[in-house]
Amino acid sequence: MGIAAERLDVLRRADPELASLMSAELDRQQYTLELIPSENVASPAVLEAVGSWLTNKYAEGTPGKRYYGGCEFVDQIEALAQQRACALFSAEHANVQPHCGSSANLAAYMAICKPGDTILGMDLSHGGHLTHGSPVSFSGIFYHAEFYGVSRDTEQLDYEEVRRRAQEVRPQVLVAGASAYPRVFDFKALAEIAQEVGARLLVDMAHFAGLVAGGAHPSPVPYADVVTLTTHKTLRGPWGGMILCPEERAKEVDKAVFPGAQGGPLLHAIAGKAVALHAWAQPEMQGYAQRVVANAKRLADGLMSEGLRLVSGGTDNHLMLIDLRPLQLTGRQVQEAFDRAHVTVNRNSIPFDEASKFNPSGIRLGTPAVTTRGMGPGEMDEIAHLIAQLIHHLGDEAVAEEVAGRARALCEAYPLPYS
Ligand SMILES: *Cc1c(COP(=O)(O)O)cnc(C)c1O
């Protein structure tokens, strides 16, 4: 019996109502082509660690310096996760306690600046994240937020423009990293800009941490004062966050996480992070990051050859954005049509979008999850064709049905690793 069946068996006896909802969600995941670039498929070993008795333990503090007794084993578990994170990313210090990417960013800001300071981040509609200064997030509420964006011609970052903005606003923190930017960042250029204006550099690699881990994306670790990441996106671990920094900043970072931003650590999640970090050293992960990027390039080429326009003309990483403006379609329309065809993508703003945030003109998609399931170039060609069919024949039920059938067949050929 696989891990999913075993767990559902226990749950059915304890709570049939919840078990049936979890079973339905498992089926949805099993038979949906998952193209949301921030999602992935955690391994059975990660699920085992996360769904374990470690959830019973309180351990405020850090390994060896806890406010609770009985921490001898959880100390070793957390230290193991820290050592593995430092080894994988060549970092001097790792804090593995952040509950998610947003809490990692909250703690990172607390470690390197004060409320009211100026932070300069990438505009949300150009790919940045809510926690990089949006007025609805703590980052825009507690800090004075300013933004930089991509250039209109290339739809890519122009580092001279970032420098000009940095000189204009003199931020205490320069924030780099994004949720919807299909290109790599020049961390050396960013570090130089930060240095010129006396700012600290925070790199949020939430999206591309797994690409960095696998050597398919440059690493910000040698350049940034603080690096934050999520563990559930390309890194293929459990839901969670993490902070990397040089040894000299370790104390401030640890204090900012606890007691600054959080209470006790989620030791079950930390164990899951340890398992996921360990997996990067195993043969089955070899080449995963390169395959994610190669698949994304192949998918992007396929979409463009089917007449779709991609923001910035392609991708260097795991994600891409389809510009729906030339087709006079909206993100919501397209996302809903995809849902009906069992293909999951998300609508997203694109640079210089004039449509509303709720119904923007872009569709964001990526390859981490389908690559984890084992799909390769041939499947990318087929997926590109399915997407183009759906978009070019929006509202045509026969096309939607055919796409749904093909999407299901692909999912059946590359099952989740839970049975
Ligand atoms: C996903 C993401 C986060 C936040 O992660 P949560 O775990 O959802 O809080 C932060 N920054 C960037 C750039 C992200 O893409």
# chains A, B, ... in the order shown; residues from 1 in each chain; ligands from 1
$ closest_atom_pairs --of "chain A" --to "ligand 1" --cutoff "10 Å" --atoms "only C-alpha atoms and all ligand atoms" --output "Markdown table"
| residue | atom | partner | partner_atom_place_in_ligand_line | distance |
| --- | --- | --- | --- | --- |
| A:Pro37 | CA | ligand 1 | 15 (O) | 9.4 |
| A:Ser38 | CA | ligand 1 | 1 (C) | 6.6 |
| A:Glu39 | CA | ligand 1 | 1 (C) | 9.3 |
| A:Pro98 | CA | ligand 1 | 7 (O) | 9.1 |
| A:His99 | CA | ligand 1 | 7 (O) | 7.5 |
| A:Cys100 | CA | ligand 1 | 7 (O) | 3.8 |
| A:Gly101 | CA | ligand 1 | 5 (O) | 3.5 |
| A:Ser102 | CA | ligand 1 | 9 (O) | 3.6 |
| A:Ser103 | CA | ligand 1 | 9 (O) | 6.4 |
| A:Ala104 | CA | ligand 1 | 9 (O) | 7.9 |
| A:Asn105 | CA | ligand 1 | 10 (C) | 7.0 |
| A:Leu106 | CA | ligand 1 | 9 (O) | 9.8 |
| A:Met122 | CA | ligand 1 | 13 (C) | 9.8 |
| A:Leu124 | CA | ligand 1 | 13 (C) | 9.8 |
| A:Gly127 | CA | ligand 1 | 13 (C) | 8.4 |
| A:Gly128 | CA | ligand 1 | 13 (C) | 6.4 |
| A:His129 | CA | ligand 1 | 13 (C) | 4.9 |
| A:Leu130 | CA | ligand 1 | 11 (N) | 7.4 |
| A:Thr131 | CA | ligand 1 | 10 (C) | 6.3 |
| A:His132 | CA | ligand 1 | 11 (N) | 7.6 |
| A:Val175 | CA | ligand 1 | 13 (C) | 9.9 |
| A:Ala176 | CA | ligand 1 | 13 (C) | 8.4 |
| A:Gly177 | CA | ligand 1 | 13 (C) | 5.4 |
| A:Ala178 | CA | ligand 1 | 13 (C) | 4.1 |
| A:Ser179 | CA | ligand 1 | 15 (O) | 3.9 |
| A:Ala180 | CA | ligand 1 | 15 (O) | 7.6 |
| A:Tyr181 | CA | ligand 1 | 13 (C) | 9.5 |
| A:Val203 | CA | ligand 1 | 13 (C) | 8.9 |
| A:Asp204 | CA | ligand 1 | 13 (C) | 5.6 |
| A:Met205 | CA | ligand 1 | 13 (C) | 6.3 |
| A:Ala206 | CA | ligand 1 | 14 (C) | 4.7 |
| A:His207 | CA | ligand 1 | 15 (O) | 4.9 |
| A:Phe208 | CA | ligand 1 | 15 (O) | 8.5 |
| A:Thr228 | CA | ligand 1 | 11 (N) | 8.0 |
| A:Leu229 | CA | ligand 1 | 10 (C) | 7.2 |
| A:Thr230 | CA | ligand 1 | 7 (O) | 5.8 |
| A:Thr231 | CA | ligand 1 | 7 (O) | 8.1 |
| A:His232 | CA | ligand 1 | 7 (O) | 7.7 |
| A:Lys233 | CA | ligand 1 | 1 (C) | 7.5 |
| A:Trp239 | CA | ligand 1 | 7 (O) | 6.9 |
| A:Gly240 | CA | ligand 1 | 7 (O) | 6.0 |
| A:Gly241 | CA | ligand 1 | 7 (O) | 6.4 |
| A:Met242 | CA | ligand 1 | 7 (O) | 9.9 |
$ write_last_selection --atoms "N, CA and C atoms" --output "tab-separated table (two decimals), in the first residue's frame"
chain	number	residue	atom	x	y	z
A	37	PRO	N	3.77	27.62	-11.49
A	37	PRO	CA	5.22	27.48	-11.29
A	37	PRO	C	5.67	27.48	-9.84
A	38	SER	N	4.79	27.88	-8.91
A	38	SER	CA	5.20	27.87	-7.50
A	38	SER	C	4.85	26.55	-6.82
A	39	GLU	N	4.26	25.62	-7.57
A	39	GLU	CA	3.89	24.35	-6.95
A	39	GLU	C	4.81	23.23	-7.39
A	98	PRO	N	11.76	29.51	9.60
A	98	PRO	CA	10.62	30.28	9.08
A	98	PRO	C	9.49	29.38	8.57
A	99	HIS	N	8.25	29.73	9.00
A	99	HIS	CA	7.11	28.88	8.65
A	99	HIS	C	6.77	28.95	7.17
A	100	CYS	N	7.16	30.04	6.52
A	100	CYS	CA	6.87	30.17	5.09
A	100	CYS	C	7.76	31.27	4.53
A	101	GLY	N	7.63	31.52	3.24
A	101	GLY	CA	8.47	32.54	2.62
A	101	GLY	C	8.20	33.93	3.18
A	102	SER	N	6.92	34.21	3.45
A	102	SER	CA	6.59	35.54	3.98
A	102	SER	C	7.18	35.75	5.36
A	103	SER	N	7.14	34.72	6.23
A	103	SER	CA	7.76	34.94	7.55
A	103	SER	C	9.27	35.01	7.44
A	104	ALA	N	9.86	34.32	6.47
A	104	ALA	CA	11.31	34.47	6.27
A	104	ALA	C	11.63	35.91	5.90
A	105	ASN	N	10.80	36.50	5.03
A	105	ASN	CA	11.06	37.89	4.64
A	105	ASN	C	10.84	38.85	5.80
A	106	LEU	N	9.78	38.62	6.58
A	106	LEU	CA	9.54	39.46	7.76
A	106	LEU	C	10.77	39.47	8.66
A	122	MET	N	11.13	45.07	-6.36
A	122	MET	CA	10.62	45.00	-7.73
A	122	MET	C	9.10	45.14	-7.69
A	124	LEU	N	5.31	44.77	-8.06
A	124	LEU	CA	4.50	43.54	-8.06
A	124	LEU	C	4.03	43.19	-9.48
A	127	GLY	N	6.55	41.47	-11.61
A	127	GLY	CA	7.05	40.15	-11.20
A	127	GLY	C	7.39	40.04	-9.73
A	128	GLY	N	7.49	41.17	-9.03
A	128	GLY	CA	7.86	41.15	-7.60
A	128	GLY	C	6.82	40.46	-6.74
A	129	HIS	N	7.10	40.38	-5.42
A	129	HIS	CA	6.18	39.69	-4.51
A	129	HIS	C	5.55	40.68	-3.55
A	130	LEU	N	4.37	40.32	-3.04
A	130	LEU	CA	3.66	41.15	-2.05
A	130	LEU	C	4.58	41.62	-0.92
A	131	THR	N	5.45	40.71	-0.46
A	131	THR	CA	6.31	41.03	0.69
A	131	THR	C	7.51	41.91	0.31
A	132	HIS	N	7.52	42.41	-0.92
A	132	HIS	CA	8.61	43.31	-1.32
A	132	HIS	C	8.16	44.77	-1.30
A	175	VAL	N	15.82	45.04	-2.44
A	175	VAL	CA	15.24	43.69	-2.46
A	175	VAL	C	15.22	43.18	-3.90
A	176	ALA	N	15.72	41.97	-4.10
A	176	ALA	CA	15.67	41.37	-5.44
A	176	ALA	C	15.08	39.97	-5.32
A	177	GLY	N	14.52	39.50	-6.42
A	177	GLY	CA	13.84	38.21	-6.40
A	177	GLY	C	12.42	38.48	-6.84
A	178	ALA	N	11.73	37.44	-7.32
A	178	ALA	CA	10.41	37.68	-7.91
A	178	ALA	C	9.59	36.41	-7.94
A	179	SER	N	8.30	36.61	-8.20
A	179	SER	CA	7.40	35.46	-8.35
A	179	SER	C	7.02	35.25	-9.81
A	180	ALA	N	7.25	36.26	-10.62
A	180	ALA	CA	6.81	36.16	-12.01
A	180	ALA	C	7.78	36.90	-12.93
A	181	TYR	N	9.05	36.53	-12.82
A	181	TYR	CA	10.06	37.11	-13.71
A	181	TYR	C	10.77	35.95	-14.39
A	203	VAL	N	18.13	39.09	-1.06
A	203	VAL	CA	17.67	38.35	-2.24
A	203	VAL	C	16.67	37.29	-1.77
A	204	ASP	N	15.50	37.35	-2.36
A	204	ASP	CA	14.42	36.41	-2.05
A	204	ASP	C	14.37	35.40	-3.20
A	205	MET	N	14.96	34.23	-2.96
A	205	MET	CA	15.00	33.24	-4.05
A	205	MET	C	13.90	32.18	-3.88
A	206	ALA	N	12.78	32.60	-3.28
A	206	ALA	CA	11.64	31.70	-3.05
A	206	ALA	C	11.36	30.82	-4.27
A	207	HIS	N	11.29	31.46	-5.44
A	207	HIS	CA	10.91	30.71	-6.63
A	207	HIS	C	12.01	29.82	-7.18
A	208	PHE	N	13.23	30.34	-7.20
A	208	PHE	CA	14.26	29.61	-7.95
A	208	PHE	C	15.29	28.91	-7.06
A	228	THR	N	16.58	34.79	1.39
A	228	THR	CA	15.43	34.04	1.90
A	228	THR	C	14.94	33.09	0.81
A	229	LEU	N	14.25	32.05	1.22
A	229	LEU	CA	13.70	31.11	0.24
A	229	LEU	C	12.50	30.38	0.80
A	230	THR	N	11.75	29.78	-0.10
A	230	THR	CA	10.71	28.84	0.34
A	230	THR	C	11.23	27.45	0.02
A	231	THR	N	10.70	26.47	0.76
A	231	THR	CA	11.17	25.10	0.55
A	231	THR	C	10.17	24.27	-0.26
A	232	HIS	N	8.98	24.85	-0.55
A	232	HIS	CA	7.94	24.06	-1.22
A	232	HIS	C	7.82	24.31	-2.70
A	233	LYS	N	8.62	25.21	-3.25
A	233	LYS	CA	8.50	25.51	-4.68
A	233	LYS	C	9.51	24.65	-5.44
A	239	TRP	N	6.05	22.57	2.81
A	239	TRP	CA	5.73	23.97	2.90
A	239	TRP	C	6.63	24.60	3.95
A	240	GLY	N	7.33	25.68	3.61
A	240	GLY	CA	8.17	26.31	4.62
A	240	GLY	C	9.09	27.36	4.04
A	241	GLY	N	9.84	28.00	4.93
A	241	GLY	CA	10.80	29.02	4.52
A	241	GLY	C	12.16	28.78	5.14
A	242	MET	N	13.11	29.60	4.76
A	242	MET	CA	14.48	29.43	5.26
A	242	MET	C	15.23	30.74	5.02
$ select_by_dssp --residues "stretch 29-203 of chain A" --states "alpha helix (DSSP H)" --output "MDAnalysis selection string"
chainID A and resid 29:30 44:50 72:89 101:112 138:142 159:169 187:197
$ select_by_dssp --residues "stretch 109-268 of chain A" --states "strand (DSSP E or B)" --output "PDB file with C-alpha atoms, in the first residue's frame"
ATOM      1  CA  THR A 118      13.117  52.625   2.922  1.00  0.00           C
ATOM      2  CA  ILE A 119      13.047  49.358   0.999  1.00  0.00           C
ATOM      3  CA  LEU A 120      13.412  49.271  -2.773  1.00  0.00           C
ATOM      4  CA  GLY A 121      11.863  46.204  -4.396  1.00  0.00           C
ATOM      5  CA  MET A 122      10.619  44.998  -7.728  1.00  0.00           C
ATOM      6  CA  HIS A 144       8.602  52.956   3.292  1.00  0.00           C
ATOM      7  CA  ALA A 145       8.432  51.060   0.006  1.00  0.00           C
ATOM      8  CA  GLU A 146       9.745  52.189  -3.354  1.00  0.00           C
ATOM      9  CA  PHE A 147       9.869  50.153  -6.542  1.00  0.00           C
ATOM     10  CA  TYR A 148      11.848  49.459  -9.669  1.00  0.00           C
ATOM     11  CA  VAL A 150      11.536  46.098 -16.038  1.00  0.00           C
ATOM     12  CA  LEU A 157      15.555  44.385 -15.754  1.00  0.00           C
ATOM     13  CA  VAL A 173      17.431  47.634   1.783  1.00  0.00           C
ATOM     14  CA  LEU A 174      17.527  46.691  -1.887  1.00  0.00           C
ATOM     15  CA  VAL A 175      15.244  43.690  -2.456  1.00  0.00           C
ATOM     16  CA  ALA A 176      15.667  41.372  -5.442  1.00  0.00           C
ATOM     17  CA  ARG A 200      21.834  45.992   2.315  1.00  0.00           C
ATOM     18  CA  LEU A 201      20.948  43.455  -0.330  1.00  0.00           C
ATOM     19  CA  LEU A 202      18.127  41.017   0.418  1.00  0.00           C
ATOM     20  CA  VAL A 203      17.670  38.349  -2.235  1.00  0.00           C
ATOM     21  CA  ASP A 204      14.421  36.407  -2.050  1.00  0.00           C
ATOM     22  CA  VAL A 226      20.567  37.916   3.519  1.00  0.00           C
ATOM     23  CA  VAL A 227      18.957  35.303   1.261  1.00  0.00           C
ATOM     24  CA  THR A 228      15.431  34.044   1.899  1.00  0.00           C
ATOM     25  CA  LEU A 229      13.703  31.113   0.236  1.00  0.00           C
ATOM     26  CA  THR A 230      10.712  28.843   0.336  1.00  0.00           C
ATOM     27  CA  GLY A 241      10.799  29.025   4.518  1.00  0.00           C
ATOM     28  CA  MET A 242      14.477  29.430   5.256  1.00  0.00           C
ATOM     29  CA  ILE A 243      17.090  32.185   5.632  1.00  0.00           C
ATOM     30  CA  LEU A 244      20.767  32.011   4.631  1.00  0.00           C
ATOM     31  CA  CYS A 245      23.379  34.564   5.676  1.00  0.00           C
TER      32      CYS A 245
END
$ closest_residue --among "A:Leu390, A:Ala276, A:Ala384, A:Val370" --to "A:Leu410" --atoms "only C-alpha atoms"
A:Val370
$ residues_around --residues "A:Asn348" --least-positions-apart "2" --cutoff "7 Å" --atoms "only C-alpha atoms" --output "count of residues only"
8
$ closest_residue --among "A:Ala199, A:Ala388, A:Ala81, A:Ala216" --to "A:Ser305" --atoms "only C-alpha atoms"
A:Ala388
$ residues_around --residues "A:Leu47" --least-positions-apart "5" --cutoff "8 Å" --atoms "only C-alpha atoms" --output "NGL selection string"
:A and (42 or 238 or 272)
$ write_last_selection --atoms "C-alpha atoms" --output "tab-separated table (two decimals), in the first residue's frame"
chain	number	residue	atom	x	y	z
A	42	ALA	CA	6.87	16.59	-2.31
A	238	PRO	CA	7.57	20.69	2.53
A	272	GLY	CA	10.76	17.62	6.06
$ closest_residue --among "A:Gly214, A:Gly264, A:Gly376, A:Pro182" --to "A:Gln282" --atoms "only C-alpha atoms"
A:Gly214
$ closest_residue --among "A:Arg236, A:Arg406, A:Lys65, A:Arg309" --to "A:Asp323" --atoms "only C-alpha atoms"
A:Arg309
$ residues_around --residues "A:Glu48" --least-positions-apart "2" --cutoff "12 Å" --atoms "only C-alpha atoms" --output "PyMOL selection string"
chain A and resi 2-4+6-7+42-46+50-55+237-238+268-269+271-276+418
$ write_last_selection --atoms "N, CA, C and O atoms" --output "tab-separated table (two decimals), in the first residue's frame"
chain	number	residue	atom	x	y	z
A	2	GLY	N	0.55	2.21	-0.82
A	2	GLY	CA	1.34	3.45	-0.87
A	2	GLY	C	1.01	4.38	0.28
A	2	GLY	O	0.06	4.15	1.03
A	3	ILE	N	1.79	5.42	0.39
A	3	ILE	CA	1.65	6.33	1.52
A	3	ILE	C	0.26	6.98	1.54
A	3	ILE	O	-0.34	7.16	2.62
A	4	ALA	N	-0.29	7.30	0.38
A	4	ALA	CA	-1.59	7.98	0.35
A	4	ALA	C	-2.68	7.04	0.87
A	4	ALA	O	-3.50	7.43	1.70
A	6	GLU	N	-2.37	4.43	2.79
A	6	GLU	CA	-2.18	4.16	4.22
A	6	GLU	C	-2.76	5.29	5.08
A	6	GLU	O	-3.44	5.05	6.07
A	7	ARG	N	-2.45	6.50	4.68
A	7	ARG	CA	-2.94	7.63	5.47
A	7	ARG	C	-4.44	7.79	5.40
A	7	ARG	O	-5.08	8.11	6.39
A	42	ALA	N	5.93	17.03	-3.35
A	42	ALA	CA	6.87	16.59	-2.31
A	42	ALA	C	6.97	15.07	-2.34
A	42	ALA	O	6.00	14.37	-2.65
A	43	SER	N	8.14	14.57	-2.00
A	43	SER	CA	8.36	13.11	-2.04
A	43	SER	C	7.62	12.43	-0.89
A	43	SER	O	7.30	13.06	0.13
A	44	PRO	N	7.38	11.10	-0.99
A	44	PRO	CA	6.78	10.37	0.12
A	44	PRO	C	7.61	10.54	1.40
A	44	PRO	O	7.04	10.65	2.48
A	45	ALA	N	8.94	10.59	1.29
A	45	ALA	CA	9.77	10.72	2.50
A	45	ALA	C	9.53	12.08	3.17
A	45	ALA	O	9.49	12.17	4.40
A	46	VAL	N	9.36	13.12	2.36
A	46	VAL	CA	9.05	14.44	2.94
A	46	VAL	C	7.70	14.36	3.66
A	46	VAL	O	7.55	14.85	4.78
A	50	VAL	N	6.90	15.21	7.61
A	50	VAL	CA	5.99	16.30	7.97
A	50	VAL	C	4.78	15.79	8.75
A	50	VAL	O	4.31	16.45	9.67
A	51	GLY	N	4.31	14.60	8.37
A	51	GLY	CA	3.14	14.07	9.07
A	51	GLY	C	3.53	13.20	10.25
A	51	GLY	O	3.00	12.10	10.40
A	52	SER	N	4.47	13.66	11.06
A	52	SER	CA	5.00	12.78	12.12
A	52	SER	C	4.81	13.35	13.51
A	52	SER	O	4.34	14.48	13.68
A	53	TRP	N	5.24	12.58	14.49
A	53	TRP	CA	5.17	12.93	15.91
A	53	TRP	C	6.03	14.12	16.28
A	53	TRP	O	5.97	14.62	17.39
A	54	LEU	N	6.85	14.59	15.35
A	54	LEU	CA	7.65	15.79	15.68
A	54	LEU	C	6.74	16.99	15.91
A	54	LEU	O	7.14	17.98	16.52
A	55	THR	N	5.50	16.90	15.43
A	55	THR	CA	4.55	17.99	15.67
A	55	THR	C	4.21	18.14	17.16
A	55	THR	O	3.65	19.14	17.57
A	237	GLY	N	10.48	20.56	-1.37
A	237	GLY	CA	10.36	20.11	0.02
A	237	GLY	C	8.98	20.38	0.57
A	237	GLY	O	8.02	20.56	-0.20
A	238	PRO	N	8.86	20.41	1.90
A	238	PRO	CA	7.57	20.69	2.53
A	238	PRO	C	7.28	22.18	2.49
A	238	PRO	O	8.18	22.98	2.22
A	268	HIS	N	8.31	19.25	12.73
A	268	HIS	CA	7.95	18.30	11.67
A	268	HIS	C	8.28	18.89	10.31
A	268	HIS	O	8.77	18.20	9.42
A	269	ALA	N	8.05	20.21	10.16
A	269	ALA	CA	8.38	20.86	8.88
A	269	ALA	C	9.90	20.92	8.70
A	269	ALA	O	10.41	20.71	7.60
A	271	ALA	N	12.04	18.79	9.86
A	271	ALA	CA	12.47	17.44	9.46
A	271	ALA	C	12.21	17.23	7.97
A	271	ALA	O	13.04	16.66	7.25
A	272	GLY	N	11.07	17.71	7.49
A	272	GLY	CA	10.76	17.62	6.06
A	272	GLY	C	11.78	18.39	5.23
A	272	GLY	O	12.19	17.93	4.16
A	273	LYS	N	12.19	19.55	5.74
A	273	LYS	CA	13.22	20.33	5.02
A	273	LYS	C	14.53	19.54	4.97
A	273	LYS	O	15.22	19.51	3.95
A	274	ALA	N	14.87	18.89	6.10
A	274	ALA	CA	16.12	18.10	6.14
A	274	ALA	C	16.08	17.00	5.08
A	274	ALA	O	17.05	16.78	4.35
A	275	VAL	N	14.94	16.31	4.98
A	275	VAL	CA	14.80	15.23	3.99
A	275	VAL	C	14.95	15.78	2.57
A	275	VAL	O	15.64	15.20	1.72
A	276	ALA	N	14.29	16.91	2.31
A	276	ALA	CA	14.33	17.48	0.96
A	276	ALA	C	15.75	17.94	0.61
A	276	ALA	O	16.21	17.74	-0.52
A	418	TYR	N	2.78	8.53	-4.86
A	418	TYR	CA	2.16	8.21	-3.56
A	418	TYR	C	1.43	6.88	-3.50
A	418	TYR	O	0.77	6.58	-2.52
$ atom_distance --atom1 "atom CA of A:Glu155" --atom2 "atom CA of A:Gly198"
27.4 Å
$ atom_distance --atom1 "atom CA of A:Val345" --atom2 "atom CA of A:Thr154"
24.2 Å
$ residues_around --residues "A:Arg249" --least-positions-apart "3" --cutoff "10 Å" --atoms "only C-alpha atoms" --output "NGL selection string"
:A and (92-93 or 111-112 or 225-226 or 244-246 or 252-254)
$ closest_residue --among "A:Arg170, A:Arg347, A:His392, A:Arg165" --to "A:Gln328" --atoms "only C-alpha atoms"
A:His392
